[in-house]
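Novice: run-v2.tsv is the file, holding TSV, C-alpha atoms:
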```
chain	number	residue	atom	x	y	z
A	1	MET	CA	-32.15	-0.82	-5.56
A	2	LEU	CA	-29.16	-3.03	-4.77
A	3	ILE	CA	-25.73	-1.67	-5.73
A	4	TYR	CA	-22.91	-4.15	-6.35
A	5	PRO	CA	-20.19	-4.72	-8.96
A	6	PHE	CA	-20.80	-7.33	-11.65
A	7	LYS	CA	-17.04	-7.53	-12.11
A	8	VAL	CA	-14.80	-7.21	-9.05
A	9	SER	CA	-11.92	-4.86	-9.79
A	10	LYS	CA	-8.30	-6.00	-9.72
A	11	ILE	CA	-7.61	-3.34	-7.10
A	12	THR	CA	-10.22	-4.86	-4.78
A	13	GLN	CA	-8.84	-8.32	-5.41
A	14	PHE	CA	-5.32	-7.10	-4.58
A	15	VAL	CA	-6.29	-5.18	-1.44
A	16	LEU	CA	-8.33	-8.11	-0.11
A	17	GLY	CA	-5.76	-10.65	-1.19
A	18	GLY	CA	-6.54	-13.08	1.61
A	19	PHE	CA	-9.63	-14.16	-0.31
A	20	ILE	CA	-9.62	-16.27	-3.46
A	21	TRP	CA	-11.26	-14.27	-6.25
A	22	ARG	CA	-10.24	-16.12	-9.39
A	23	ILE	CA	-7.86	-18.89	-10.43
A	24	ASN	CA	-5.19	-18.12	-13.01
A	25	GLU	CA	-4.48	-21.38	-14.77
A	26	GLY	CA	-4.45	-20.30	-18.42
A	27	GLU	CA	-6.29	-23.46	-19.46
A	28	LYS	CA	-9.66	-22.04	-20.60
A	29	LYS	CA	-11.35	-23.09	-17.37
A	30	ILE	CA	-14.25	-21.39	-15.63
A	31	TYR	CA	-15.28	-22.12	-12.06
A	32	LEU	CA	-19.06	-22.04	-11.60
A	33	THR	CA	-20.26	-21.66	-8.03
A	34	PHE	CA	-23.79	-21.81	-6.65
A	35	ASP	CA	-24.81	-20.35	-3.28
A	36	ASP	CA	-27.65	-21.01	-0.84
A	37	GLY	CA	-28.81	-24.56	-1.67
A	38	PRO	CA	-29.54	-27.31	-1.60
A	39	VAL	CA	-33.22	-26.77	-2.38
A	40	PRO	CA	-35.10	-29.17	-4.68
A	41	GLU	CA	-36.82	-26.53	-6.79
A	42	ALA	CA	-33.56	-24.90	-7.87
A	43	SER	CA	-30.68	-27.28	-7.20
A	44	LEU	CA	-32.11	-30.18	-9.21
A	45	TRP	CA	-32.73	-27.87	-12.18
A	46	VAL	CA	-29.14	-26.61	-11.97
A	47	LEU	CA	-27.83	-30.18	-11.88
A	48	ARG	CA	-29.75	-31.02	-15.07
A	49	GLN	CA	-28.28	-28.00	-16.86
A	50	LEU	CA	-24.75	-28.87	-15.79
A	51	GLU	CA	-25.14	-32.50	-16.83
A	52	GLN	CA	-25.95	-31.47	-20.40
A	53	TYR	CA	-22.48	-29.97	-20.76
A	54	ASN	CA	-20.56	-32.36	-18.50
A	55	ALA	CA	-19.92	-29.27	-16.39
A	56	LYS	CA	-18.72	-29.51	-12.80
A	57	ALA	CA	-19.34	-26.83	-10.19
A	58	THR	CA	-18.87	-25.96	-6.54
A	59	PHE	CA	-22.00	-25.61	-4.41
A	60	PHE	CA	-21.67	-23.36	-1.35
A	61	CYS	CA	-24.32	-24.98	0.81
A	62	VAL	CA	-26.28	-23.69	3.77
A	63	GLY	CA	-26.14	-26.32	6.50
A	64	HIS	CA	-29.80	-25.94	7.43
A	65	ASN	CA	-30.75	-26.73	3.83
A	66	ILE	CA	-28.54	-29.83	3.87
A	67	ASP	CA	-30.44	-31.08	6.92
A	68	LYS	CA	-33.77	-30.29	5.26
A	69	HIS	CA	-32.91	-31.81	1.90
A	70	PRO	CA	-30.28	-34.54	2.40
A	71	ARG	CA	-31.24	-36.40	-0.77
A	72	VAL	CA	-30.68	-33.33	-2.90
A	73	TYR	CA	-27.31	-32.82	-1.23
A	74	GLN	CA	-26.35	-36.40	-2.03
A	75	ARG	CA	-27.43	-35.88	-5.65
A	76	ILE	CA	-24.96	-33.00	-5.88
A	77	LEU	CA	-22.12	-35.15	-4.55
A	78	LYS	CA	-22.98	-38.19	-6.68
A	79	ALA	CA	-22.93	-36.01	-9.80
A	80	GLY	CA	-19.27	-35.25	-9.09
A	81	HIS	CA	-19.61	-31.70	-7.87
A	82	LEU	CA	-17.79	-30.15	-4.92
A	83	THR	CA	-19.63	-28.81	-1.88
A	84	ALA	CA	-18.43	-25.99	0.35
A	85	ASN	CA	-19.51	-24.04	3.42
A	86	HIS	CA	-21.92	-21.06	3.41
A	87	THR	CA	-22.68	-21.14	7.17
A	88	TYR	CA	-25.47	-23.15	8.77
A	89	ASN	CA	-28.11	-20.41	8.78
A	90	HIS	CA	-26.92	-18.04	6.02
A	91	LEU	CA	-25.67	-15.51	8.53
A	92	SER	CA	-24.13	-12.14	7.81
A	93	GLY	CA	-20.84	-11.86	9.66
A	94	LEU	CA	-21.71	-8.28	10.56
A	95	SER	CA	-25.07	-9.00	12.18
A	96	VAL	CA	-24.09	-11.46	14.94
A	97	SER	CA	-21.25	-11.82	17.42
A	98	THR	CA	-17.99	-13.31	16.25
A	99	ASP	CA	-18.44	-16.32	18.52
A	100	GLU	CA	-21.94	-16.99	17.20
A	101	TYR	CA	-20.75	-16.66	13.60
A	102	LEU	CA	-17.82	-19.02	14.00
A	103	GLU	CA	-19.98	-21.56	15.80
A	104	ASN	CA	-22.45	-21.43	12.91
A	105	VAL	CA	-19.70	-21.97	10.34
A	106	TRP	CA	-18.32	-25.00	12.18
A	107	LYS	CA	-21.81	-26.43	12.60
A	108	ALA	CA	-22.15	-26.44	8.82
A	109	GLU	CA	-18.63	-27.79	8.39
A	110	LYS	CA	-19.56	-30.94	10.30
A	111	LEU	CA	-21.94	-31.70	7.42
A	112	ILE	CA	-19.61	-30.68	4.59
A	113	GLY	CA	-15.97	-31.22	5.54
A	114	THR	CA	-14.16	-29.50	2.67
A	115	ARG	CA	-12.77	-26.48	4.57
A	116	ILE	CA	-13.83	-24.14	1.76
A	117	PHE	CA	-15.89	-21.17	2.86
A	118	ARG	CA	-17.77	-18.24	1.34
A	119	PRO	CA	-19.38	-15.69	3.69
A	120	PRO	CA	-23.05	-14.97	2.91
A	121	TYR	CA	-23.48	-11.50	1.39
A	122	GLY	CA	-19.67	-11.31	1.31
A	123	LYS	CA	-19.86	-9.85	4.82
A	124	ILE	CA	-17.36	-10.84	7.46
A	125	ASN	CA	-15.58	-8.88	10.18
A	126	PRO	CA	-11.79	-8.87	10.70
A	127	MET	CA	-11.85	-11.23	13.69
A	128	GLU	CA	-13.99	-13.76	11.83
A	129	TYR	CA	-11.70	-13.48	8.83
A	130	LEU	CA	-8.53	-14.04	10.87
A	131	SER	CA	-10.01	-17.04	12.67
A	132	LEU	CA	-11.42	-18.74	9.58
A	133	LYS	CA	-8.34	-18.04	7.47
A	134	LYS	CA	-6.40	-20.47	9.69
A	135	ASP	CA	-8.56	-23.44	8.65
A	136	PHE	CA	-10.42	-22.55	5.45
A	137	LYS	CA	-9.89	-21.51	1.87
A	138	LEU	CA	-11.90	-18.27	1.78
A	139	VAL	CA	-13.51	-17.94	-1.64
A	140	LEU	CA	-15.38	-14.99	-3.10
A	141	CYS	CA	-15.69	-14.44	-6.88
A	142	ASP	CA	-14.64	-12.07	-9.64
A	143	VAL	CA	-17.98	-12.14	-11.51
A	144	LEU	CA	-21.44	-11.83	-9.95
A	145	SER	CA	-24.32	-12.93	-12.14
A	146	GLY	CA	-26.83	-10.83	-10.18
A	147	ASP	CA	-29.37	-13.64	-10.47
A	148	PHE	CA	-30.64	-12.84	-6.96
A	149	ASP	CA	-31.63	-9.29	-7.95
A	150	LYS	CA	-35.36	-8.96	-8.67
A	151	SER	CA	-34.90	-5.39	-9.88
A	152	LYS	CA	-32.70	-6.41	-12.82
A	153	ASN	CA	-33.82	-7.61	-16.24
A	154	ALA	CA	-32.60	-11.15	-17.03
A	155	ASP	CA	-31.36	-10.07	-20.47
A	156	THR	CA	-29.14	-7.41	-18.89
A	157	LEU	CA	-27.78	-9.83	-16.30
A	158	ARG	CA	-27.03	-12.44	-18.95
A	159	GLU	CA	-25.18	-9.96	-21.15
A	160	LYS	CA	-23.07	-8.64	-18.27
A	161	THR	CA	-22.20	-12.13	-17.04
A	162	LEU	CA	-21.16	-13.27	-20.51
A	163	ARG	CA	-19.08	-10.14	-21.09
A	164	ASN	CA	-17.24	-10.22	-17.77
A	165	ALA	CA	-16.37	-13.92	-17.53
A	166	GLN	CA	-12.88	-14.95	-18.61
A	167	ASP	CA	-10.35	-17.72	-18.20
A	168	GLY	CA	-9.99	-18.52	-14.51
A	169	SER	CA	-13.12	-16.64	-13.44
A	170	ILE	CA	-15.08	-17.75	-10.40
A	171	ILE	CA	-18.72	-17.01	-11.27
A	172	LEU	CA	-21.32	-16.59	-8.54
A	173	PHE	CA	-24.79	-17.99	-9.22
A	174	HIS	CA	-27.50	-19.08	-6.76
A	175	ASP	CA	-29.40	-22.37	-6.61
A	176	SER	CA	-32.23	-20.71	-4.70
A	177	ILE	CA	-35.93	-20.26	-5.36
A	178	LYS	CA	-35.47	-16.47	-5.47
A	179	ALA	CA	-32.95	-16.76	-8.30
A	180	ILE	CA	-34.94	-19.13	-10.56
A	181	PRO	CA	-36.62	-16.45	-12.74
A	182	ARG	CA	-33.20	-15.07	-13.74
A	183	ILE	CA	-30.81	-18.02	-13.56
A	184	SER	CA	-33.16	-20.02	-15.78
A	185	ASP	CA	-32.40	-17.46	-18.48
A	186	ILE	CA	-28.71	-16.86	-17.75
A	187	LEU	CA	-27.22	-20.30	-17.02
A	188	PRO	CA	-28.20	-22.28	-20.16
A	189	VAL	CA	-26.88	-19.53	-22.45
A	190	PHE	CA	-23.71	-19.19	-20.38
A	191	LEU	CA	-23.00	-22.92	-20.54
A	192	ARG	CA	-23.64	-23.10	-24.27
A	193	THR	CA	-21.65	-19.97	-25.12
A	194	PHE	CA	-18.49	-20.90	-23.24
A	195	THR	CA	-18.65	-24.54	-24.30
A	196	GLU	CA	-18.68	-23.36	-27.91
A	197	LYS	CA	-15.62	-21.22	-27.12
A	198	GLY	CA	-13.76	-24.31	-25.93
A	199	TYR	CA	-13.96	-23.75	-22.18
A	200	THR	CA	-14.47	-26.41	-19.54
A	201	PHE	CA	-16.31	-25.92	-16.25
A	202	CYS	CA	-14.49	-27.20	-13.19
A	203	THR	CA	-14.85	-27.52	-9.45
A	204	LEU	CA	-12.57	-25.35	-7.37
A	205	PRO	CA	-9.19	-27.11	-7.15
A	206	TYR	CA	-9.32	-27.81	-3.44
A	207	GLY	CA	-9.85	-31.31	-2.13
A	208	LYS	CA	-11.87	-32.70	0.71
A	209	VAL	CA	-10.25	-32.76	4.14
A	210	ASP	CA	-9.90	-36.29	5.54
```
Kindly present the structure from the file in structure tokens form.
Specialist:
Amino acid sequence: MLIYPFKVSKITQFVLGGFIWRINEGEKKIYLTFDDGPVPEASLWVLRQLEQYNAKATFFCVGHNIDKHPRVYQRILKAGHLTANHTYNHLSGLSVSTDEYLENVWKAEKLIGTRIFRPPYGKINPMEYLSLKKDFKLVLCDVLSGDFDKSKNADTLREKTLRNAQDGSIILFHDSIKAIPRISDILPVFLRTFTEKGYTFCTLPYGKVD
């Protein structure tokens, strides 16, 4: 069984303050993020859900998937969403050398160009962190939906995600085939619930590097 926090504690956010965990704007905004795409089976479904609520999101894309599915990637951009870097091959920063990891990140960045990065699995070593921090906004999240977790009931994940989200939250979802059975239950309810509460869904407030 996977063990992870659905809500990242304020202590963790403070101790690891070099990462962006949430955005305190006080304007009833939520920042939806989607990891691991683009893949047609999941990403296009997510785009349809977002369109229904005029919701914008940030997609942390795997470079290899961009090369495999360039039309899906362009659909994300044309819909007004932001794309960001999730390495080229979805690498854990603890499983390869620092040089190999950094090379993989920059390979993906050639396709994306926003200088916004989220490490897959949230795993990155100190040398990788210090190097990437010079050039990238390093974004994690304060709420994990758990949509990747096959061991969890979708009803439980939906309830926890709804309960933990708040103004300024960065929510982590996945536009991946593995997540479809759970995100298909969580995301529509999440969008409807927070729209009814008067929230808007925004891209991360970081622009594209020229």
Novice: Using all atoms listed in the file, give me every residue within 12 Å of (-21.4, -21.9, -5.8) in file coordinates, as a PDB file with C-alpha atoms, in the frame of the given file.
Specialist:
```
ATOM      1  CA  TYR A  31     -15.280 -22.120 -12.060  1.00  0.00           C
ATOM      2  CA  LEU A  32     -19.060 -22.040 -11.600  1.00  0.00           C
ATOM      3  CA  THR A  33     -20.260 -21.660  -8.030  1.00  0.00           C
ATOM      4  CA  PHE A  34     -23.790 -21.810  -6.650  1.00  0.00           C
ATOM      5  CA  ASP A  35     -24.810 -20.350  -3.280  1.00  0.00           C
ATOM      6  CA  ASP A  36     -27.650 -21.010  -0.840  1.00  0.00           C
ATOM      7  CA  GLY A  37     -28.810 -24.560  -1.670  1.00  0.00           C
ATOM      8  CA  PRO A  38     -29.540 -27.310  -1.600  1.00  0.00           C
ATOM      9  CA  SER A  43     -30.680 -27.280  -7.200  1.00  0.00           C
ATOM     10  CA  VAL A  46     -29.140 -26.610 -11.970  1.00  0.00           C
ATOM     11  CA  LYS A  56     -18.720 -29.510 -12.800  1.00  0.00           C
ATOM     12  CA  ALA A  57     -19.340 -26.830 -10.190  1.00  0.00           C
ATOM     13  CA  THR A  58     -18.870 -25.960  -6.540  1.00  0.00           C
ATOM     14  CA  PHE A  59     -22.000 -25.610  -4.410  1.00  0.00           C
ATOM     15  CA  PHE A  60     -21.670 -23.360  -1.350  1.00  0.00           C
ATOM     16  CA  CYS A  61     -24.320 -24.980   0.810  1.00  0.00           C
ATOM     17  CA  VAL A  62     -26.280 -23.690   3.770  1.00  0.00           C
ATOM     18  CA  ILE A  76     -24.960 -33.000  -5.880  1.00  0.00           C
ATOM     19  CA  HIS A  81     -19.610 -31.700  -7.870  1.00  0.00           C
ATOM     20  CA  LEU A  82     -17.790 -30.150  -4.920  1.00  0.00           C
ATOM     21  CA  THR A  83     -19.630 -28.810  -1.880  1.00  0.00           C
ATOM     22  CA  ALA A  84     -18.430 -25.990   0.350  1.00  0.00           C
ATOM     23  CA  ASN A  85     -19.510 -24.040   3.420  1.00  0.00           C
ATOM     24  CA  HIS A  86     -21.920 -21.060   3.410  1.00  0.00           C
ATOM     25  CA  ILE A 116     -13.830 -24.140   1.760  1.00  0.00           C
ATOM     26  CA  PHE A 117     -15.890 -21.170   2.860  1.00  0.00           C
ATOM     27  CA  ARG A 118     -17.770 -18.240   1.340  1.00  0.00           C
ATOM     28  CA  PRO A 119     -19.380 -15.690   3.690  1.00  0.00           C
ATOM     29  CA  PRO A 120     -23.050 -14.970   2.910  1.00  0.00           C
ATOM     30  CA  VAL A 139     -13.510 -17.940  -1.640  1.00  0.00           C
ATOM     31  CA  LEU A 140     -15.380 -14.990  -3.100  1.00  0.00           C
ATOM     32  CA  CYS A 141     -15.690 -14.440  -6.880  1.00  0.00           C
ATOM     33  CA  VAL A 143     -17.980 -12.140 -11.510  1.00  0.00           C
ATOM     34  CA  LEU A 144     -21.440 -11.830  -9.950  1.00  0.00           C
ATOM     35  CA  SER A 145     -24.320 -12.930 -12.140  1.00  0.00           C
ATOM     36  CA  ILE A 170     -15.080 -17.750 -10.400  1.00  0.00           C
ATOM     37  CA  ILE A 171     -18.720 -17.010 -11.270  1.00  0.00           C
ATOM     38  CA  LEU A 172     -21.320 -16.590  -8.540  1.00  0.00           C
ATOM     39  CA  PHE A 173     -24.790 -17.990  -9.220  1.00  0.00           C
ATOM     40  CA  HIS A 174     -27.500 -19.080  -6.760  1.00  0.00           C
ATOM     41  CA  ASP A 175     -29.400 -22.370  -6.610  1.00  0.00           C
ATOM     42  CA  SER A 176     -32.230 -20.710  -4.700  1.00  0.00           C
ATOM     43  CA  CYS A 202     -14.490 -27.200 -13.190  1.00  0.00           C
ATOM     44  CA  THR A 203     -14.850 -27.520  -9.450  1.00  0.00           C
ATOM     45  CA  LEU A 204     -12.570 -25.350  -7.370  1.00  0.00           C
TER      46      LEU A 204
END
```
Novice: Using all atoms listed in the file, which of the listed residues (A:Pro126, A:Pro205, A:Pro188, A:Gly198) sits closest to A:Arg48?
Specialist: A:Pro188
Novice: May I have the protein, DNA and RNA residues with an atom at most 12 Å from (-22.8, -28.6, -20.2), counting only C-alpha atoms in the file's coordinates, returned as an MDAnalysis selection string?
Specialist: chainID A and resid 32 46:57 187:196 198:202
Novice: Between A:Glu103, A:Asn89, A:Lys110, A:Lys28, which residue has the minimum interatomic distance to A:Ala165, considering all atoms listed in the file?
Specialist: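 That would be A:Lys28, the residue with the smallest distance to A:Ala165.
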Novice: Return the single residue from A:Leu111, A:Leu138, A:Leu44, A:Leu77 that is closest to A:Gly18, with distances computed using only C-alpha atoms.
Specialist: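 Using only C-alpha atoms, the shortest distance to A:Gly18 belongs to A:Leu138.
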Novice: At what distance in Å, to one decimal, does atom CA of A:Arg163 lie from atom CA of A:Phe148?
Specialist: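 Here the two named atoms are 18.5 Å from each other.
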